[in-house]
Structures are given as structure tokens and as C-alpha cells.
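The file protein_27.txt comes next; it holds compact mmCIF, C-alpha atoms and all ligand atoms.
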# COMPACT_ATOMS: atom_id res chain seq x y z
CA LEU A 1 15.45 1.88 -10.85
CA PRO A 2 12.65 -0.32 -12.16
CA SER A 3 9.56 1.63 -13.24
CA HIS A 4 7.51 -1.57 -12.83
CA PHE A 5 7.59 -4.91 -11.02
CA THR A 6 6.16 -8.12 -12.45
CA LEU A 7 3.45 -10.06 -10.61
CA PRO A 8 2.89 -13.83 -10.87
CA SER A 9 0.06 -13.14 -13.36
CA GLY A 10 2.61 -11.46 -15.62
CA ALA A 11 1.04 -8.06 -14.94
CA GLN A 12 3.41 -5.12 -14.70
CA ILE A 13 2.70 -2.99 -11.66
CA PRO A 14 4.14 0.56 -11.55
CA SER A 15 6.67 0.77 -8.73
CA VAL A 16 5.52 4.15 -7.39
CA ALA A 17 1.85 4.87 -6.63
CA LEU A 18 -0.04 7.78 -5.22
CA GLY A 19 -1.37 6.68 -1.83
CA VAL A 20 -4.72 8.24 -0.92
CA TRP A 21 -5.23 7.15 2.69
CA LYS A 22 -5.99 10.26 4.76
CA ALA A 23 -6.40 12.37 1.62
CA SER A 24 -9.43 14.46 2.56
CA PRO A 25 -12.51 15.27 0.50
CA GLY A 26 -11.81 18.18 -1.77
CA GLU A 27 -8.07 17.43 -1.62
CA VAL A 28 -7.90 13.92 -2.97
CA GLY A 29 -9.39 14.69 -6.41
CA PRO A 30 -6.96 17.49 -7.26
CA ALA A 31 -4.07 15.34 -5.92
CA VAL A 32 -5.04 12.49 -8.24
CA GLU A 33 -5.36 14.93 -11.16
CA THR A 34 -1.90 16.36 -10.44
CA ALA A 35 -0.49 12.87 -10.10
CA LEU A 36 -1.89 11.63 -13.39
CA LYS A 37 -0.73 14.77 -15.19
CA SER A 38 2.77 14.36 -13.82
CA GLY A 39 3.06 10.75 -14.89
CA TYR A 40 1.68 8.53 -12.10
CA ARG A 41 -0.25 5.57 -13.44
CA HIS A 42 -0.87 3.77 -10.15
CA ILE A 43 -3.36 4.82 -7.48
CA ASP A 44 -3.52 2.89 -4.20
CA GLY A 45 -6.91 3.25 -2.56
CA ALA A 46 -9.36 1.33 -0.39
CA TRP A 47 -13.07 1.19 0.31
CA ILE A 48 -12.53 2.30 3.91
CA TYR A 49 -10.73 5.51 2.89
CA GLY A 50 -14.15 6.81 1.87
CA ASN A 51 -12.80 8.77 -1.09
CA GLU A 52 -13.10 6.37 -4.01
CA ALA A 53 -15.82 8.37 -5.78
CA GLU A 54 -13.65 11.49 -5.81
CA VAL A 55 -10.68 9.43 -6.99
CA GLY A 56 -12.84 7.95 -9.76
CA ALA A 57 -14.05 11.36 -10.90
CA ALA A 58 -10.47 12.67 -11.08
CA ILE A 59 -9.39 9.66 -13.11
CA LYS A 60 -12.25 10.18 -15.53
CA LYS A 61 -11.33 13.85 -15.90
CA SER A 62 -7.76 12.88 -16.83
CA GLY A 63 -8.95 11.07 -19.95
CA ILE A 64 -6.22 8.47 -19.50
CA PRO A 65 -7.31 5.14 -21.02
CA ARG A 66 -8.21 2.59 -18.36
CA ASP A 67 -5.70 0.04 -19.60
CA GLU A 68 -2.85 2.47 -18.92
CA LEU A 69 -3.79 2.74 -15.24
CA TRP A 70 -3.20 0.53 -12.25
CA LEU A 71 -6.00 0.72 -9.70
CA THR A 72 -5.83 -0.99 -6.33
CA SER A 73 -8.60 -1.22 -3.76
CA LYS A 74 -9.06 -3.22 -0.58
CA LEU A 75 -11.80 -5.38 0.90
CA TRP A 76 -12.83 -4.00 4.28
CA ASN A 77 -13.00 -6.18 7.40
CA THR A 78 -16.80 -6.04 7.52
CA PHE A 79 -17.15 -7.75 4.16
CA HIS A 80 -15.16 -10.97 4.55
CA ALA A 81 -18.23 -13.22 4.40
CA PRO A 82 -18.27 -14.70 0.87
CA GLU A 83 -21.74 -13.32 0.11
CA ASP A 84 -20.68 -9.79 1.09
CA ILE A 85 -17.55 -9.62 -1.03
CA GLU A 86 -18.94 -9.04 -4.51
CA PRO A 87 -21.33 -6.26 -3.40
CA ALA A 88 -18.41 -4.54 -1.60
CA LEU A 89 -16.24 -4.87 -4.69
CA ASP A 90 -19.06 -3.60 -6.88
CA GLU A 91 -19.33 -0.49 -4.74
CA SER A 92 -15.62 0.23 -5.19
CA LEU A 93 -15.90 -0.42 -8.93
CA ALA A 94 -18.90 1.91 -9.22
CA HIS A 95 -17.15 4.66 -7.27
CA LEU A 96 -14.01 4.32 -9.31
CA ASP A 97 -16.15 4.16 -12.44
CA THR A 98 -14.39 1.09 -13.77
CA GLU A 99 -15.24 -2.45 -14.79
CA TYR A 100 -12.31 -4.08 -13.05
CA LEU A 101 -9.54 -3.59 -10.50
CA ASP A 102 -5.91 -4.36 -11.24
CA LEU A 103 -5.40 -5.42 -7.64
CA TYR A 104 -7.75 -6.14 -4.76
CA LEU A 105 -6.30 -6.74 -1.32
CA VAL A 106 -7.73 -8.25 1.82
CA HIS A 107 -7.16 -5.12 3.91
CA TRP A 108 -6.56 -6.90 7.25
CA PRO A 109 -6.41 -10.53 8.38
CA ILE A 110 -9.28 -9.60 10.67
CA ALA A 111 -12.98 -10.11 9.95
CA PHE A 112 -15.71 -8.11 11.65
CA LYS A 113 -19.27 -9.32 12.04
CA ARG A 114 -21.56 -8.01 9.35
CA GLY A 115 -22.83 -4.50 10.10
CA THR A 116 -20.37 -3.86 12.94
CA SER A 117 -17.31 -1.65 12.99
CA ASN A 118 -15.14 -3.59 15.42
CA GLU A 119 -16.85 -6.80 16.55
CA LEU A 120 -14.54 -9.65 15.75
CA ASP A 121 -15.94 -12.51 13.70
CA VAL A 122 -13.82 -15.21 15.28
CA GLU A 123 -14.63 -17.93 12.80
CA LEU A 124 -13.99 -15.94 9.62
CA THR A 125 -10.83 -14.47 11.10
CA ALA A 126 -9.49 -17.90 12.01
CA ASN A 127 -10.34 -19.33 8.59
CA PRO A 128 -9.63 -16.94 5.72
CA TYR A 129 -10.09 -19.59 3.02
CA PRO A 130 -13.75 -18.91 2.16
CA THR A 131 -12.92 -15.22 1.70
CA TRP A 132 -9.94 -16.05 -0.45
CA ALA A 133 -11.87 -18.60 -2.54
CA LYS A 134 -14.52 -15.98 -3.33
CA LEU A 135 -11.83 -13.52 -4.41
CA GLU A 136 -10.42 -16.13 -6.77
CA GLU A 137 -13.87 -16.59 -8.24
CA LEU A 138 -14.00 -12.84 -8.90
CA VAL A 139 -10.65 -13.07 -10.68
CA ASP A 140 -12.13 -15.75 -12.94
CA LYS A 141 -15.13 -13.51 -13.50
CA GLY A 142 -12.81 -10.73 -14.70
CA LYS A 143 -13.66 -8.18 -12.04
CA ILE A 144 -10.21 -8.35 -10.43
CA ARG A 145 -6.92 -9.01 -12.20
CA ASN A 146 -4.74 -9.78 -9.16
CA ILE A 147 -5.44 -10.49 -5.51
CA GLY A 148 -3.26 -9.90 -2.52
CA ILE A 149 -3.13 -9.36 1.20
CA SER A 150 -2.21 -6.60 3.58
CA ASN A 151 -0.93 -6.31 7.11
CA ILE A 152 -0.03 -9.94 7.49
CA LYS A 153 3.27 -10.07 9.23
CA ASN A 154 3.91 -13.74 9.14
CA LEU A 155 2.29 -15.67 6.34
CA THR A 156 3.11 -19.00 7.82
CA ALA A 157 1.01 -18.05 10.83
CA ASN A 158 -2.02 -17.31 8.70
CA PRO A 159 -1.58 -19.48 5.65
CA LEU A 160 -3.51 -19.00 2.47
CA LYS A 161 -4.05 -21.84 0.04
CA HIS A 162 -3.61 -19.81 -3.11
CA LYS A 163 -0.71 -17.53 -3.54
CA PRO A 164 -1.32 -13.82 -3.03
CA ALA A 165 0.41 -11.53 -5.54
CA VAL A 166 1.47 -8.89 -3.04
CA ASN A 167 1.52 -8.12 0.66
CA GLN A 168 1.01 -4.47 1.55
CA VAL A 169 2.61 -3.61 4.87
CA GLU A 170 4.04 -0.71 6.82
CA LEU A 171 7.60 -0.14 5.66
CA ASN A 172 9.62 2.93 6.47
CA TYR A 173 12.86 4.07 8.09
CA TRP A 174 11.45 3.32 11.56
CA ASN A 175 9.98 -0.05 10.66
CA PRO A 176 11.99 -1.44 7.73
CA GLN A 177 11.16 -5.15 8.35
CA PRO A 178 14.29 -6.62 6.70
CA GLU A 179 13.37 -10.21 7.65
CA LEU A 180 9.92 -9.96 6.11
CA LEU A 181 11.43 -8.41 2.99
CA GLN A 182 13.96 -11.23 2.70
CA TRP A 183 11.30 -13.88 3.33
CA SER A 184 9.01 -12.31 0.75
CA LYS A 185 11.74 -12.23 -1.88
CA GLU A 186 12.56 -15.86 -1.26
CA ASN A 187 8.89 -16.75 -1.59
CA GLY A 188 8.10 -14.69 -4.68
CA LEU A 189 5.80 -12.29 -2.86
CA LEU A 190 6.14 -8.61 -3.67
CA LEU A 191 5.85 -6.18 -0.78
CA GLU A 192 4.09 -2.83 -1.05
CA ALA A 193 5.28 -0.12 1.35
CA TYR A 194 2.59 1.94 3.04
CA SER A 195 3.47 4.94 5.19
CA PRO A 196 6.82 4.91 3.34
CA LEU A 197 7.84 8.27 4.76
CA GLY A 198 6.67 7.35 8.24
CA SER A 199 3.05 8.52 7.90
CA SER A 200 1.85 11.97 8.94
CA ASP A 201 3.09 11.95 12.55
CA GLN A 202 6.62 10.86 11.80
CA VAL A 203 7.38 12.35 8.39
CA LYS A 204 9.16 15.46 9.67
CA GLU A 205 11.41 13.30 11.81
CA THR A 206 12.11 10.86 8.95
CA LEU A 207 13.08 13.65 6.60
CA ARG A 208 15.60 14.89 9.19
CA VAL A 209 17.45 11.60 9.69
CA PRO A 210 21.16 12.54 9.29
CA GLU A 211 21.90 9.71 6.82
CA VAL A 212 18.92 10.72 4.70
CA LEU A 213 19.95 14.38 4.73
CA ALA A 214 23.53 13.54 3.84
CA ILE A 215 22.51 11.39 0.89
CA ALA A 216 20.06 14.03 -0.32
CA LYS A 217 22.81 16.63 -0.21
CA GLU A 218 25.31 14.42 -1.98
CA LEU A 219 22.91 13.52 -4.80
CA GLY A 220 21.19 16.88 -5.05
CA ILE A 221 17.74 15.43 -4.42
CA THR A 222 15.21 15.87 -1.61
CA PRO A 223 15.08 13.69 1.54
CA ALA A 224 11.69 12.32 0.43
CA GLN A 225 13.20 11.31 -2.90
CA VAL A 226 16.04 9.53 -1.10
CA LEU A 227 13.55 7.49 0.92
CA ILE A 228 11.18 6.69 -1.93
CA SER A 229 14.14 5.66 -4.10
CA TRP A 230 15.44 3.47 -1.25
CA HIS A 231 12.12 1.61 -1.12
CA VAL A 232 12.13 0.87 -4.86
CA GLN A 233 15.78 -0.14 -4.68
CA ARG A 234 14.92 -2.58 -1.87
CA GLY A 235 12.54 -4.20 -4.34
CA THR A 236 9.24 -2.95 -2.97
CA ILE A 237 6.39 -1.01 -4.47
CA VAL A 238 6.07 2.32 -2.71
CA LEU A 239 2.88 4.25 -1.99
CA PRO A 240 3.70 7.78 -0.78
CA LYS A 241 0.66 9.87 0.09
CA SER A 242 0.56 13.57 -0.61
CA VAL A 243 -2.10 16.12 -1.45
CA THR A 244 0.48 18.87 -2.01
CA PRO A 245 1.03 19.32 -5.76
CA SER A 246 4.78 20.02 -5.56
CA ARG A 247 5.30 16.95 -3.33
CA VAL A 248 3.17 14.73 -5.55
CA VAL A 249 5.43 15.64 -8.46
CA GLU A 250 8.60 15.34 -6.37
CA ASN A 251 7.72 11.87 -5.06
CA LEU A 252 7.57 10.24 -8.50
CA LYS A 253 11.18 11.14 -9.28
CA VAL A 254 13.09 8.14 -8.04
CA VAL A 255 16.78 7.64 -8.74
CA ALA A 256 19.16 4.75 -8.14
CA LEU A 257 21.22 5.40 -5.02
CA PRO A 258 24.89 4.46 -5.48
CA ASP A 259 25.55 1.11 -3.73
CA ASP A 260 27.54 2.56 -0.86
CA LEU A 261 24.86 5.14 -0.07
CA PHE A 262 22.08 2.58 -0.35
CA LYS A 263 23.93 0.31 2.08
CA LYS A 264 24.52 3.18 4.47
CA LEU A 265 20.81 3.99 4.57
CA GLU A 266 19.79 0.34 4.86
CA GLU A 267 22.20 -0.07 7.78
CA ALA A 268 20.95 3.06 9.50
CA ALA A 269 17.33 1.96 9.07
CA THR A 270 17.92 -1.55 10.36
CA SER A 271 20.31 -0.84 13.22
CA HIS A 272 17.88 0.90 15.59
CA LYS A 273 15.04 -0.77 17.48
CA PRO A 274 12.13 -1.04 15.04
CA LYS A 275 9.02 0.94 15.82
CA ARG A 276 5.69 0.24 14.18
CA ILE A 277 3.60 3.34 13.61
CA LEU A 278 0.21 1.85 12.76
CA ASN A 279 -1.44 -0.79 14.93
CA PRO A 280 -5.24 -0.75 15.21
CA SER A 281 -5.43 -3.75 17.59
CA LYS A 282 -6.39 -1.63 20.61
CA GLY A 283 -8.78 0.55 18.64
CA TRP A 284 -10.55 -2.60 17.52
CA LYS A 285 -10.53 -3.91 21.11
CA LEU A 286 -8.85 -7.12 20.01
CA ASP A 287 -7.59 -9.29 22.84
CA PHE A 288 -4.50 -10.05 20.73
CA ASP A 289 -2.07 -8.06 18.64
CA VAL A 290 -2.87 -8.31 14.94
CA PHE A 291 0.89 -8.26 14.25
CA ASP A 292 1.73 -10.95 16.79
CA GLU A 293 3.89 -13.52 15.03
CA ASN A 294 2.73 -16.31 17.30
CA LEU A 295 -0.92 -16.17 16.31
P1 LIG A 301 0.78 16.22 2.46
O1 LIG A 301 -0.20 15.18 2.01
O2 LIG A 301 0.15 17.30 3.25
O3 LIG A 301 1.61 16.73 1.32
P2 LIG A 301 3.29 8.56 4.15
O4 LIG A 301 3.19 8.39 2.67
O5 LIG A 301 4.49 7.95 4.76
O6 LIG A 301 2.02 8.12 4.84
O7 LIG A 301 3.43 10.12 4.46
C1 LIG A 301 2.40 11.01 4.15
C2 LIG A 301 2.68 12.33 4.80
O8 LIG A 301 3.93 12.86 4.29
C3 LIG A 301 1.66 13.37 4.51
O9 LIG A 301 1.48 14.10 5.71
C4 LIG A 301 2.27 14.24 3.42
O10 LIG A 301 1.81 15.56 3.50
C5 LIG A 301 3.74 14.14 3.72
N1 LIG A 301 4.60 14.18 2.51
C6 LIG A 301 4.40 13.48 1.38
N2 LIG A 301 5.37 13.71 0.49
C7 LIG A 301 6.22 14.60 1.07
C8 LIG A 301 7.41 15.25 0.64
N3 LIG A 301 7.92 15.01 -0.57
N4 LIG A 301 8.02 16.10 1.50
C9 LIG A 301 7.48 16.33 2.73
N5 LIG A 301 6.36 15.75 3.20
C10 LIG A 301 5.72 14.90 2.37

Here is the file; what I need is its structure written in the form of C-alpha cells.
Amino acid sequence: LPSHFTLPSGAQIPSVALGVWKASPGEVGPAVETALKSGYRHIDGAWIYGNEAEVGAAIKKSGIPRDELWLTSKLWNTFHAPEDIEPALDESLAHLDTEYLDLYLVHWPIAFKRGTSNELDVELTANPYPTWAKLEELVDKGKIRNIGISNIKNLTANPLKHKPAVNQVELNYWNPQPELLQWSKENGLLLEAYSPLGSSDQVKETLRVPEVLAIAKELGITPAQVLISWHVQRGTIVLPKSVTPSRVVENLKVVALPDDLFKKLEEAATSHKPKRILNPSKGWKLDFDVFDENL
């Protein structure tokens, strides 16, 4: 399986990252240390996770040269106004103790009014171009190497003038999004799989799926390794989260699934009714669904 994928900039992004969403204070630092010691070179974080300083300290402790690491962060919804973007980025850079990010994503296609936690800024949400233009400026300035998007189900519904390098979305056994994957491949947009094991609530269930168990048994690997390998084999970057040292180590060991087994798993994943696990629309009191294709 590919250890890296290539972005339009020519950058090589490691195919498996440590995801740090929901990694608590006191847990996230040791998890990052374990990950870097066991060979991870890609950490997927975000400003809103509130743990970037601990991630940064763990990276520093590892002594790994900056140019051997891939660091991703995400612009939070409150900072979409062009004048708010650079200060938000600077905060992430300071916490991570780095001069630049390898990848900076627009976390959601939703803008909140400055200083609010869920008051929709209708204008900035409807027109993402000023936000995107500012991000491009920051690429030119050298503070970000690649820019991308997240949680945008249908790009044609929310078009961006300049091509994003990746789209980070929920992808797992319950919500495998084969059409989006196909569309993204055809349009040269790499997908990144968040909640690749089904996120905390669903992981146990995912790891007990009969097809997954059967493949794990046949190949002598763990169910989590089957699923993480499946993601890479589908052509997506995969961002499993764990703060458990043995799991962190386990999750980096991806193997190519034989074609017939890969197909079996793909068929199983795509033959049931898809179920999205994460949808903050109600929590943000939106009067529409952020994943609605008809927006
Ligand atoms: P923990 O962090 O306590 O180790 P996802 O990446 O889909 O969001 O899933 C994250 C959840 O899956 C976390 O609750 C994490 O637990 C758990 N998890 C991560 N890797 C494994 C694994 N290899 N086996 C079992 N559970 C795992």
C-alpha cells in the first residue's frame, strides 16, 4: 500500500496520520510521542480540538526535524473573516511551535459571526471566496504549504475558485461515501477519512462486522488494521485516533488486502443504508443540514 499520496503541489502526504480529535489533555501528548517513536510522521489536528500546545510540545520532545513531519490544522468557523484568518493561523503555529503548516483546512463550510460559538454569518457562509483568497495569500507568504477543505459533501454546491488539495470527510464502514470517493478521484481531489473506525460510539460495532472479522482472521491481522488498510487501498488518507499506545502502534501497520477480500469488504460497506455519525447542524441550530446536497 502507498506510504504517501501526492498532492497537486507535488507534496507527499503520509497516508496514515494520528488523529487527535477527542484526545484529552494529558493523553494527547504521550499519544503523539508514542506515534512519532513508532514511525508516524503525520499528525492531523485542529484549532478547535484545544490540544495543539500539547501536541506541539510532544513533537518538540521527539527531536524529529520539522521537514520530516506533516502537520495539518484547521481554520475554525469563527475565523472565516479575512482579517481573522492570519491571527487564528498564527495561534495554531505558535502552539505547534512551528513556522508553517503542511496543510490548513477550512474546517466547515459554515462561518460563525466573530466572537460567537454558533451564530451563523450568512454572508460569509454563502460566499467562501474571501476566506479562500486569504488562505491563498498565506500560501504565498509561506505560512501554509497546502490548503484544503473539510466536510463539504458536494463541491459543486459550494464551489471554490481555486482548487483545494484535499477534502477531509467522515468515511467509515457505516458511511463509506462511494460516490464522493469516485467523484473526488475523477476530479483530482484527495479525500481524508476522519472517524475511520466509526468514531468512539461506533468503534466496537465496526470491529465486530463479520466481514471485517473474517478478513482479520484470514490475514492474521487485527480488525482495526483491516479497516485502516481498506481506507488506504480505497485511495484515501486515513486519520485513526487513539491515545492507547498499543493501538497507536497497531494502527500504522497497514497491509494490502488481496483483491477478493478488498472487494468483499467494499461490497459489505456499500450495500447497507449509509449512516452518518457526525452532524453538528442541530447543535449549531442551523435551519438547514450542513450535508444537504441541495444547498
Ligand atoms: P482510544 O483512543 O481510547 O484508544 P476513530 O478514529 O474512528 O474516530 O475512532 C477512535 C476511537 O477508536 C477511539 O475511541 C479509540 O480509542 C478507538 N480505537 C482506535 N484504534 C483502535 C484499535 N486499533 N482497536 C480498538 N479501538 C481503537

> Can you tell me, as a VMD selection string, what residues are no more than 12 Å from Leu180 in chain A when counting only C-alpha atoms, ignoring any on the same chain fewer than 6 positions away?
Replying inline: chain A and resid 151 to 156 167 to 171 186 to 193 234 236 293

Using all atoms listed in the file, what table do you get, as CSV, when you list each residue of chain A with an atom no more than 6 Å from ligand LIG 301 (chain A), its nearest pair of atoms, and their distance in Å rounded to one decimal, rows by chain then rising number?
residue,atom,partner,partner_atom,distance
A:Ser195,CA,A:LIG301,O5,3.2
A:Pro196,CA,A:LIG301,O5,4.1
A:Leu197,CA,A:LIG301,O5,3.4
A:Gly198,CA,A:LIG301,O5,4.2
A:Ser199,CA,A:LIG301,O6,3.3
A:Ser200,CA,A:LIG301,O9,3.9
A:Val203,CA,A:LIG301,O8,5.4
A:Ala224,CA,A:LIG301,N3,4.7
A:Pro240,CA,A:LIG301,O4,3.5
A:Lys241,CA,A:LIG301,O4,3.9
A:Ser242,CA,A:LIG301,O1,3.2
A:Val243,CA,A:LIG301,O1,4.1
A:Thr244,CA,A:LIG301,O3,4.1
A:Arg247,CA,A:LIG301,N3,4.3
A:Glu250,CA,A:LIG301,N3,5.8
A:Asn251,CA,A:LIG301,N3,5.5

> For Trp70 in chain A, which residue out of A:Gly56, A:Pro87, A:Pro14, A:Gly26 is the nearest one, using all atoms listed in the file?
Replying inline: A:Pro14

> Which polymer residues have any atom within 12 Å of an atom of range 79-84 of chain A, counting all atoms listed in the file, with same-chain residues fewer than 2 positions away left out, as a ChimeraX atom specification?
Replying inline: /A:47-48,74-77,86-91,105-117,120-138

>> If we count all atoms listed in the file and set the cut-off at 12 Å, which residues sit around Leu219 in chain A, ignoring sequence neighbours fewer than 4 positions away in its own chain? Please answer as a list of chain:residue names.
In response: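 The filter keeps A:Val212, A:Leu213, A:Ala214, A:Ile215, A:Pro223, A:Gln225, A:Val226, A:Ser229, A:Val254, A:Val255, A:Ala256, A:Leu257, A:Pro258, A:Leu261, A:Phe262.
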
>> I'd like the contact shell of His4 in chain A - 6 Å cut-off, all atoms listed in the file, skipping same-chain residues fewer than 3 positions apart - returned as a list of chain:residue names.
In response: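 Selected residues are A:Gln12, A:Ile13, A:Pro14, A:Ser15.
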
>> Would you pick out the contacts of Tyr104 in chain A at 9 Å or less, using only C-alpha atoms, so that residues sharing its chain but fewer than 5 positions from it are not included, and give the list as a PyMOL selection string?
In response: chain A and resi 46+71-75+89+135+144-149

> So what do you get for CA of Tyr173 in chain A versus CA of Leu265 in chain A, distance-wise?
Replying inline: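 Result for CA of Tyr173 in chain A versus CA of Leu265 in chain A: 8.7 Å, one decimal.
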
Neighbours of point (-13.4, 12.7, -6.9) within 10 Å, using all atoms listed in the file, written as a JSON list (two decimals) with C-alpha atoms, in the frame of the given file:
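Done, and the output landed in point38.json:
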[["chain", "number", "residue", "atom", "x", "y", "z"],
["A", 25, "PRO", "CA", -12.51, 15.27, 0.50],
["A", 26, "GLY", "CA", -11.81, 18.18, -1.77],
["A", 27, "GLU", "CA", -8.07, 17.43, -1.62],
["A", 28, "VAL", "CA", -7.90, 13.92, -2.97],
["A", 29, "GLY", "CA", -9.39, 14.69, -6.41],
["A", 30, "PRO", "CA", -6.96, 17.49, -7.26],
["A", 31, "ALA", "CA", -4.07, 15.34, -5.92],
["A", 32, "VAL", "CA", -5.04, 12.49, -8.24],
["A", 33, "GLU", "CA", -5.36, 14.93, -11.16],
["A", 51, "ASN", "CA", -12.80, 8.77, -1.09],
["A", 52, "GLU", "CA", -13.10, 6.37, -4.01],
["A", 53, "ALA", "CA", -15.82, 8.37, -5.78],
["A", 54, "GLU", "CA", -13.65, 11.49, -5.81],
["A", 55, "VAL", "CA", -10.68, 9.43, -6.99],
["A", 56, "GLY", "CA", -12.84, 7.95, -9.76],
["A", 57, "ALA", "CA", -14.05, 11.36, -10.90],
["A", 58, "ALA", "CA", -10.47, 12.67, -11.08],
["A", 59, "ILE", "CA", -9.39, 9.66, -13.11],
["A", 60, "LYS", "CA", -12.25, 10.18, -15.53],
["A", 61, "LYS", "CA", -11.33, 13.85, -15.90],
["A", 95, "HIS", "CA", -17.15, 4.66, -7.27],
["A", 96, "LEU", "CA", -14.01, 4.32, -9.31]]

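The space between CA of Gly283 in chain A and CA of Ser150 in chain A spans 17.9 Å.
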
> So which residues fall inside 9 Å of (-3.3, 16.0, -16.2) if we count all atoms listed in the file? Mind giving them as a list in words?
Replying inline: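 Output of the proximity query reads Val32, Glu33, Thr34, Ala35, Leu36, Lys37, Ser38, Gly39, Lys61, Ser62, Gly63 and Ile64 of chain A.
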
Return as AutoDock Vina command-line options the centre and edge lengths, in Å with one decimal, of the box along x, y and z that encloses every atom of range 115-133 of chain A in the file, padded by 4 Å per side.
--center_x -16.2 --center_y -10.6 --center_z 7.0 --size_x 21.3 --size_y 25.9 --size_z 27.1

> Any idea what the distance is between CA of Gly19 in chain A and CA of Leu239 in chain A?
Replying inline: 4.9 Å

> Of the candidates A:Phe291, A:Trp21, A:Tyr40, A:Phe5, which one gets nearest to Val249 in chain A if we count all atoms listed in the file?
Replying inline: A:Tyr40

> Hey, which of A:His42, A:Ser271, A:Tyr49, A:Trp230 ends up closest to Ala23 in chain A? Count only C-alpha atoms.
Replying inline: A:Tyr49

> So, counting all atoms listed in the file, which residue among A:Trp174, A:Val20, A:Glu68, A:Leu93 is closest to Lys275 in chain A?
Replying inline: A:Trp174

> Counting all atoms listed in the file, which of A:Ile228, A:Leu181, A:Ile237, A:Ala11 gets nearest to Thr270 in chain A?
Replying inline: A:Leu181
